[in-house]
file target-v2.txt (compact mmCIF, C-alpha atoms)
# COMPACT_ATOMS: atom_id res chain seq x y z
CA MET A 1 -66.47 -20.15 14.31
CA PRO A 2 -70.00 -20.70 15.67
CA ARG A 3 -70.35 -21.53 19.34
CA ALA A 4 -71.89 -24.87 20.34
CA LEU A 5 -74.79 -23.07 22.03
CA ASP A 6 -75.56 -21.14 18.84
CA ILE A 7 -75.53 -24.36 16.82
CA ALA A 8 -77.79 -26.09 19.36
CA ARG A 9 -80.30 -23.24 19.14
CA GLN A 10 -80.49 -23.63 15.34
CA ARG A 11 -81.27 -27.34 15.48
CA PRO A 12 -84.83 -28.48 16.06
CA ARG A 13 -85.37 -30.18 19.41
CA ILE A 14 -85.52 -33.95 19.08
CA PRO A 15 -87.74 -35.57 21.72
CA SER A 16 -86.40 -38.53 23.65
CA LEU A 17 -88.21 -41.65 22.52
CA ALA A 18 -88.82 -42.90 26.04
CA SER A 19 -90.58 -39.86 27.47
CA GLU A 20 -91.58 -37.24 24.95
CA LEU A 21 -92.71 -38.88 21.72
CA SER A 22 -96.37 -39.75 21.94
CA THR A 23 -97.89 -42.63 20.04
CA GLU A 24 -99.97 -40.14 18.04
CA ASP A 25 -96.85 -38.21 17.06
CA ALA A 26 -95.05 -41.40 16.06
CA ILE A 27 -98.03 -42.47 13.94
CA ALA A 28 -98.13 -39.05 12.24
CA VAL A 29 -94.40 -39.07 11.47
CA ALA A 30 -94.44 -42.70 10.32
CA SER A 31 -97.45 -42.08 8.07
CA PHE A 32 -95.78 -39.09 6.48
CA ARG A 33 -92.52 -41.01 6.01
CA ALA A 34 -94.41 -43.87 4.35
CA ALA A 35 -96.23 -41.42 2.05
CA LEU A 36 -92.90 -39.79 1.17
CA ARG A 37 -91.35 -43.15 0.30
CA VAL A 38 -94.36 -44.06 -1.86
CA PHE A 39 -94.02 -40.71 -3.64
CA LEU A 40 -90.30 -41.24 -4.26
CA ARG A 41 -90.87 -44.77 -5.56
CA GLN A 42 -93.67 -43.64 -7.88
CA THR A 43 -91.48 -40.79 -9.09
CA GLU A 44 -88.73 -43.28 -9.98
CA GLN A 45 -91.19 -45.47 -11.90
CA THR A 46 -92.78 -42.52 -13.69
CA ALA A 47 -89.37 -41.15 -14.67
CA ARG A 48 -88.41 -44.51 -16.15
CA ARG A 49 -91.65 -44.66 -18.16
CA ALA A 50 -90.76 -41.22 -19.56
CA GLY A 51 -87.36 -42.56 -20.64
CA LEU A 52 -85.40 -40.99 -17.79
CA THR A 53 -83.38 -42.46 -14.98
CA PRO A 54 -84.42 -41.10 -11.57
CA GLN A 55 -81.16 -39.11 -11.44
CA ARG A 56 -81.77 -37.58 -14.86
CA TYR A 57 -85.32 -36.72 -13.88
CA LEU A 58 -84.02 -34.77 -10.87
CA LEU A 59 -81.31 -33.13 -12.95
CA LEU A 60 -83.78 -31.93 -15.57
CA LEU A 61 -86.25 -30.82 -12.91
CA MET A 62 -83.60 -28.74 -11.12
CA ILE A 63 -82.57 -27.07 -14.37
CA LYS A 64 -86.12 -26.33 -15.51
CA GLY A 65 -87.05 -25.24 -11.98
CA ALA A 66 -84.06 -22.96 -11.47
CA ARG A 67 -84.58 -20.72 -8.45
CA ASP A 68 -84.28 -17.55 -10.53
CA GLY A 69 -86.85 -18.70 -13.09
CA SER A 70 -84.31 -18.72 -15.93
CA GLU A 71 -84.77 -22.45 -16.68
CA ARG A 72 -81.00 -22.81 -16.78
CA SER A 73 -78.31 -23.78 -14.33
CA THR A 74 -74.61 -24.32 -13.89
CA VAL A 75 -72.95 -27.50 -12.67
CA THR A 76 -72.05 -25.72 -9.43
CA GLU A 77 -75.67 -24.69 -8.80
CA LEU A 78 -76.84 -28.22 -9.56
CA ALA A 79 -74.30 -29.77 -7.19
CA ASP A 80 -75.65 -27.52 -4.44
CA ARG A 81 -79.33 -28.22 -5.14
CA LEU A 82 -78.86 -31.96 -5.63
CA GLN A 83 -76.44 -32.22 -2.70
CA LEU A 84 -73.97 -34.19 -4.82
CA ALA A 85 -70.26 -33.78 -5.47
CA GLN A 86 -69.47 -31.53 -8.41
CA SER A 87 -67.66 -34.40 -10.14
CA THR A 88 -70.79 -36.57 -9.85
CA VAL A 89 -72.96 -33.81 -11.33
CA THR A 90 -70.44 -33.23 -14.11
CA GLU A 91 -70.70 -36.89 -15.11
CA LEU A 92 -74.50 -36.85 -14.84
CA VAL A 93 -74.62 -33.75 -17.06
CA ARG A 94 -72.22 -35.30 -19.58
CA ARG A 95 -74.40 -38.39 -19.93
CA ALA A 96 -77.62 -36.37 -20.17
CA GLU A 97 -76.01 -34.18 -22.82
CA GLU A 98 -74.93 -37.28 -24.79
CA ALA A 99 -78.52 -38.57 -24.56
CA GLY A 100 -79.75 -35.34 -26.15
CA LEU A 101 -81.57 -34.10 -23.05
CA LEU A 102 -79.46 -30.99 -22.37
CA ASP A 103 -77.84 -28.18 -24.27
CA ARG A 104 -74.92 -26.09 -23.07
CA ALA A 105 -74.38 -22.37 -23.68
CA PRO A 106 -71.36 -20.36 -22.56
CA SER A 107 -71.91 -17.40 -20.25
CA ARG A 108 -71.64 -14.05 -21.99
CA SER A 109 -69.99 -12.48 -18.96
CA ASP A 110 -67.68 -15.28 -17.75
CA GLY A 111 -65.99 -17.63 -20.21
CA ARG A 112 -65.40 -20.20 -17.45
CA VAL A 113 -69.14 -20.68 -16.89
CA ALA A 114 -71.51 -22.71 -19.03
CA TYR A 115 -75.27 -22.69 -18.62
CA LEU A 116 -77.25 -25.86 -19.05
CA HIS A 117 -80.80 -25.86 -20.34
CA LEU A 118 -83.18 -28.55 -21.48
CA SER A 119 -83.21 -29.60 -25.11
CA VAL A 120 -86.55 -30.09 -26.85
CA GLU A 121 -86.33 -33.81 -26.04
CA GLY A 122 -85.40 -33.15 -22.40
CA GLU A 123 -88.34 -30.78 -22.10
CA ARG A 124 -90.70 -33.36 -23.60
CA ARG A 125 -89.63 -36.15 -21.27
CA LEU A 126 -89.63 -33.98 -18.15
CA THR A 127 -93.08 -32.61 -18.95
CA GLN A 128 -94.41 -36.13 -19.43
CA ALA A 129 -93.04 -37.27 -16.07
CA VAL A 130 -94.17 -34.20 -14.12
CA ARG A 131 -97.70 -34.34 -15.54
CA ASN A 132 -97.97 -38.03 -14.67
CA LEU A 133 -97.08 -37.30 -11.03
CA ALA A 134 -99.90 -34.83 -10.31
CA GLU A 135 -101.95 -37.27 -8.24
CA GLU A 136 -98.92 -38.42 -6.26
CA ARG A 137 -98.01 -34.81 -5.43
CA ASP A 138 -101.55 -34.24 -4.16
CA GLU A 139 -101.34 -37.35 -1.96
CA LEU A 140 -98.00 -36.20 -0.54
CA ARG A 141 -99.41 -32.72 0.14
CA ILE A 142 -102.32 -34.29 2.05
CA ALA A 143 -99.91 -36.45 4.07
CA PHE A 144 -97.87 -33.36 4.94
CA GLU A 145 -100.99 -31.46 6.01
CA GLN A 146 -101.94 -34.38 8.27
CA LEU A 147 -98.48 -34.32 9.80
CA GLU A 148 -98.77 -30.58 10.43
CA SER A 149 -102.13 -31.02 12.17
CA ALA A 150 -100.90 -33.83 14.44
CA PRO A 151 -102.04 -33.50 18.08
CA ALA A 152 -98.74 -32.20 19.47
CA ALA A 153 -96.07 -30.07 17.87
CA ILE A 154 -93.50 -32.45 16.41
CA SER A 155 -90.05 -30.96 16.12
call {"tool": "encode", "arguments": {"input": "target-v2.txt", "output": "structure tokens"}}
result
Amino acid sequence: MPRALDIARQRPRIPSLASELSTEDAIAVASFRAALRVFLRQTEQTARRAGLTPQRYLLLLMIKGARDGSERSTVTELADRLQLAQSTVTELVRRAEEAGLLDRAPSRSDGRVAYLHLSVEGERRLTQAVRNLAEERDELRIAFEQLESAPAAIS
């Protein structure tokens, strides 16, 4: 079991609002947070225009963008990456599969495991959404760079 001191060392230091957070730092963090919220909202709208719910957009993106480059994932991997309960991901996958956005293939080495990959239609819709978000990703990148170059180190 980790000691409290070890856990405290792993956490970033949070400045006290009364004495350590400068106005410049607060402006930088608030500006980045606003840019992040704009990005998330625009992502939701773009996903809907591509015929995807925001949740399905994220699901397809996590499958296509699998960490190992395989463009496939399991429900367990998705639950971890999406930070959702496995039962929630299972239902999300079921609905996406019914909508024709995903295909399922059994693992060759473990019969208990099924790999999910995008169908042709899922690929088409995800590509449309991702392409339409290029400008928003650039704006978010700029906002992050501005946060990183704020006058004081913000942790």
call {"tool": "closest_residue", "arguments": {"input": "target-v2.txt", "among": "A:Arg125, A:Arg141, A:Arg56, A:Arg112", "to": "Val89 (chain A)", "atoms": "all atoms listed in the file"}}
result
A:Arg56
call {"tool": "residues_around", "arguments": {"input": "target-v2.txt", "residues": "Ala34 (chain A)", "least_positions_apart": "5", "cutoff": "10 Å", "atoms": "only C-alpha atoms", "output": "list in words"}}
result
Ala28, Val29, Phe39, Leu40, Leu140 and Ala143 of chain A
call {"tool": "atom_distance", "arguments": {"input": "target-v2.txt", "atom1": "CA of Gln42 (chain A)", "atom2": "CA of Asn132 (chain A)"}}
result
9.8 Å
call {"tool": "atom_distance", "arguments": {"input": "target-v2.txt", "atom1": "CA of Thr74 (chain A)", "atom2": "CA of Leu116 (chain A)"}}
result
6.0 Å
call {"tool": "closest_residue", "arguments": {"input": "target-v2.txt", "among": "A:Glu139, A:Gln128, A:Arg104, A:Ala150", "to": "Arg37 (chain A)", "atoms": "only C-alpha atoms"}}
result
A:Glu139
call {"tool": "atom_distance", "arguments": {"input": "target-v2.txt", "atom1": "CA of Ala129 (chain A)", "atom2": "CA of Leu82 (chain A)"}}
result
18.4 Å
call {"tool": "closest_residue", "arguments": {"input": "target-v2.txt", "among": "A:Ile27, A:Leu102, A:Ala35, A:Ala85", "to": "Leu59 (chain A)", "atoms": "all atoms listed in the file"}}
result
A:Leu102
call {"tool": "residues_around", "arguments": {"input": "target-v2.txt", "residues": "Glu77 (chain A)", "least_positions_apart": "5", "cutoff": "12 Å", "atoms": "only C-alpha atoms", "output": "ChimeraX atom specification"}}
result
/A:59,62-63,65-68,72,82-86,89-90,113-116
call {"tool": "decode", "arguments": {"input": "target-v2.txt", "residues": "region 82-129 of chain A", "atoms": "N, CA and C atoms", "output": "short mmCIF file (atom, residue, chain, number, x, y, z; two decimals), in the first residue's frame"}}
result
data_model
loop_
_atom_site.label_atom_id
_atom_site.label_comp_id
_atom_site.auth_asym_id
_atom_site.auth_seq_id
_atom_site.Cartn_x
_atom_site.Cartn_y
_atom_site.Cartn_z
N LEU A 82 -11.68 5.32 -22.19
CA LEU A 82 -12.80 6.26 -22.08
C LEU A 82 -13.14 6.59 -20.63
N GLN A 83 -12.54 5.85 -19.70
CA GLN A 83 -12.81 6.04 -18.27
C GLN A 83 -14.30 5.88 -17.96
N LEU A 84 -14.86 4.80 -18.52
CA LEU A 84 -16.26 4.46 -18.30
C LEU A 84 -16.35 3.04 -17.76
N ALA A 85 -17.45 2.72 -17.12
CA ALA A 85 -17.67 1.35 -16.65
C ALA A 85 -17.76 0.42 -17.84
N GLN A 86 -17.30 -0.80 -17.66
CA GLN A 86 -17.32 -1.77 -18.75
C GLN A 86 -18.75 -2.02 -19.24
N SER A 87 -19.72 -2.01 -18.34
CA SER A 87 -21.11 -2.21 -18.76
C SER A 87 -21.60 -1.06 -19.64
N THR A 88 -21.15 0.14 -19.35
CA THR A 88 -21.52 1.31 -20.17
C THR A 88 -20.92 1.18 -21.56
N VAL A 89 -19.65 0.78 -21.62
CA VAL A 89 -18.98 0.62 -22.92
C VAL A 89 -19.62 -0.52 -23.70
N THR A 90 -19.98 -1.59 -23.02
CA THR A 90 -20.63 -2.72 -23.70
C THR A 90 -21.91 -2.26 -24.38
N GLU A 91 -22.70 -1.45 -23.69
CA GLU A 91 -23.94 -0.93 -24.28
C GLU A 91 -23.65 0.03 -25.43
N LEU A 92 -22.67 0.88 -25.27
CA LEU A 92 -22.29 1.81 -26.33
C LEU A 92 -21.82 1.04 -27.57
N VAL A 93 -21.05 0.00 -27.37
CA VAL A 93 -20.58 -0.84 -28.48
C VAL A 93 -21.75 -1.54 -29.14
N ARG A 94 -22.67 -2.08 -28.34
CA ARG A 94 -23.83 -2.77 -28.90
C ARG A 94 -24.62 -1.86 -29.82
N ARG A 95 -24.86 -0.64 -29.37
CA ARG A 95 -25.64 0.31 -30.17
C ARG A 95 -24.88 0.74 -31.43
N ALA A 96 -23.59 0.94 -31.32
CA ALA A 96 -22.78 1.32 -32.49
C ALA A 96 -22.73 0.18 -33.49
N GLU A 97 -22.69 -1.04 -32.98
CA GLU A 97 -22.69 -2.22 -33.86
C GLU A 97 -24.04 -2.32 -34.59
N GLU A 98 -25.13 -2.10 -33.86
CA GLU A 98 -26.47 -2.13 -34.47
C GLU A 98 -26.63 -1.04 -35.53
N ALA A 99 -25.95 0.09 -35.33
CA ALA A 99 -26.01 1.20 -36.29
C ALA A 99 -25.09 0.97 -37.49
N GLY A 100 -24.37 -0.14 -37.49
CA GLY A 100 -23.50 -0.46 -38.62
C GLY A 100 -22.17 0.27 -38.61
N LEU A 101 -21.74 0.74 -37.44
CA LEU A 101 -20.50 1.50 -37.36
C LEU A 101 -19.30 0.66 -36.95
N LEU A 102 -19.56 -0.51 -36.37
CA LEU A 102 -18.51 -1.40 -35.88
C LEU A 102 -18.70 -2.81 -36.38
N ASP A 103 -17.61 -3.52 -36.46
CA ASP A 103 -17.61 -4.95 -36.71
C ASP A 103 -16.85 -5.61 -35.57
N ARG A 104 -17.18 -6.86 -35.32
CA ARG A 104 -16.57 -7.61 -34.22
C ARG A 104 -15.91 -8.85 -34.80
N ALA A 105 -14.70 -9.13 -34.32
CA ALA A 105 -13.98 -10.34 -34.77
C ALA A 105 -13.41 -11.04 -33.54
N PRO A 106 -13.62 -12.36 -33.44
CA PRO A 106 -13.07 -13.07 -32.28
C PRO A 106 -11.54 -13.14 -32.33
N SER A 107 -10.94 -13.15 -31.15
CA SER A 107 -9.49 -13.30 -31.06
C SER A 107 -9.11 -14.70 -31.50
N ARG A 108 -8.02 -14.82 -32.20
CA ARG A 108 -7.54 -16.14 -32.62
C ARG A 108 -6.89 -16.90 -31.47
N SER A 109 -6.40 -16.15 -30.48
CA SER A 109 -5.68 -16.80 -29.38
C SER A 109 -6.52 -16.98 -28.11
N ASP A 110 -7.61 -16.22 -27.98
CA ASP A 110 -8.43 -16.31 -26.77
C ASP A 110 -9.90 -16.17 -27.16
N GLY A 111 -10.63 -17.25 -27.07
CA GLY A 111 -12.02 -17.27 -27.48
C GLY A 111 -12.93 -16.36 -26.66
N ARG A 112 -12.46 -15.90 -25.50
CA ARG A 112 -13.26 -15.01 -24.67
C ARG A 112 -13.17 -13.56 -25.13
N VAL A 113 -12.21 -13.26 -26.00
CA VAL A 113 -11.94 -11.88 -26.41
C VAL A 113 -12.45 -11.63 -27.82
N ALA A 114 -13.09 -10.49 -27.99
CA ALA A 114 -13.52 -10.06 -29.32
C ALA A 114 -12.90 -8.70 -29.60
N TYR A 115 -12.41 -8.54 -30.81
CA TYR A 115 -11.83 -7.26 -31.23
C TYR A 115 -12.87 -6.48 -32.01
N LEU A 116 -12.92 -5.21 -31.73
CA LEU A 116 -13.84 -4.31 -32.43
C LEU A 116 -13.02 -3.47 -33.40
N HIS A 117 -13.56 -3.31 -34.60
CA HIS A 117 -12.93 -2.42 -35.58
C HIS A 117 -14.03 -1.69 -36.34
N LEU A 118 -13.67 -0.59 -36.93
CA LEU A 118 -14.65 0.23 -37.62
C LEU A 118 -15.13 -0.45 -38.90
N SER A 119 -16.43 -0.35 -39.16
CA SER A 119 -16.97 -0.79 -40.43
C SER A 119 -16.65 0.28 -41.46
N VAL A 120 -16.96 0.03 -42.70
CA VAL A 120 -16.74 1.03 -43.75
C VAL A 120 -17.51 2.31 -43.42
N GLU A 121 -18.74 2.15 -42.95
CA GLU A 121 -19.57 3.32 -42.61
C GLU A 121 -19.00 4.05 -41.39
N GLY A 122 -18.54 3.31 -40.39
CA GLY A 122 -17.93 3.93 -39.22
C GLY A 122 -16.67 4.71 -39.60
N GLU A 123 -15.89 4.13 -40.47
CA GLU A 123 -14.67 4.80 -40.97
C GLU A 123 -15.03 6.08 -41.71
N ARG A 124 -16.05 6.04 -42.54
CA ARG A 124 -16.46 7.21 -43.31
C ARG A 124 -16.91 8.35 -42.40
N ARG A 125 -17.73 8.02 -41.43
CA ARG A 125 -18.24 9.06 -40.53
C ARG A 125 -17.15 9.63 -39.63
N LEU A 126 -16.29 8.77 -39.11
CA LEU A 126 -15.20 9.26 -38.26
C LEU A 126 -14.26 10.15 -39.06
N THR A 127 -13.91 9.74 -40.26
CA THR A 127 -13.02 10.54 -41.10
C THR A 127 -13.62 11.91 -41.37
N GLN A 128 -14.89 11.95 -41.67
CA GLN A 128 -15.58 13.22 -41.91
C GLN A 128 -15.47 14.13 -40.69
N ALA A 129 -15.75 13.60 -39.52
CA ALA A 129 -15.71 14.41 -38.30
C ALA A 129 -14.29 14.89 -37.99
#
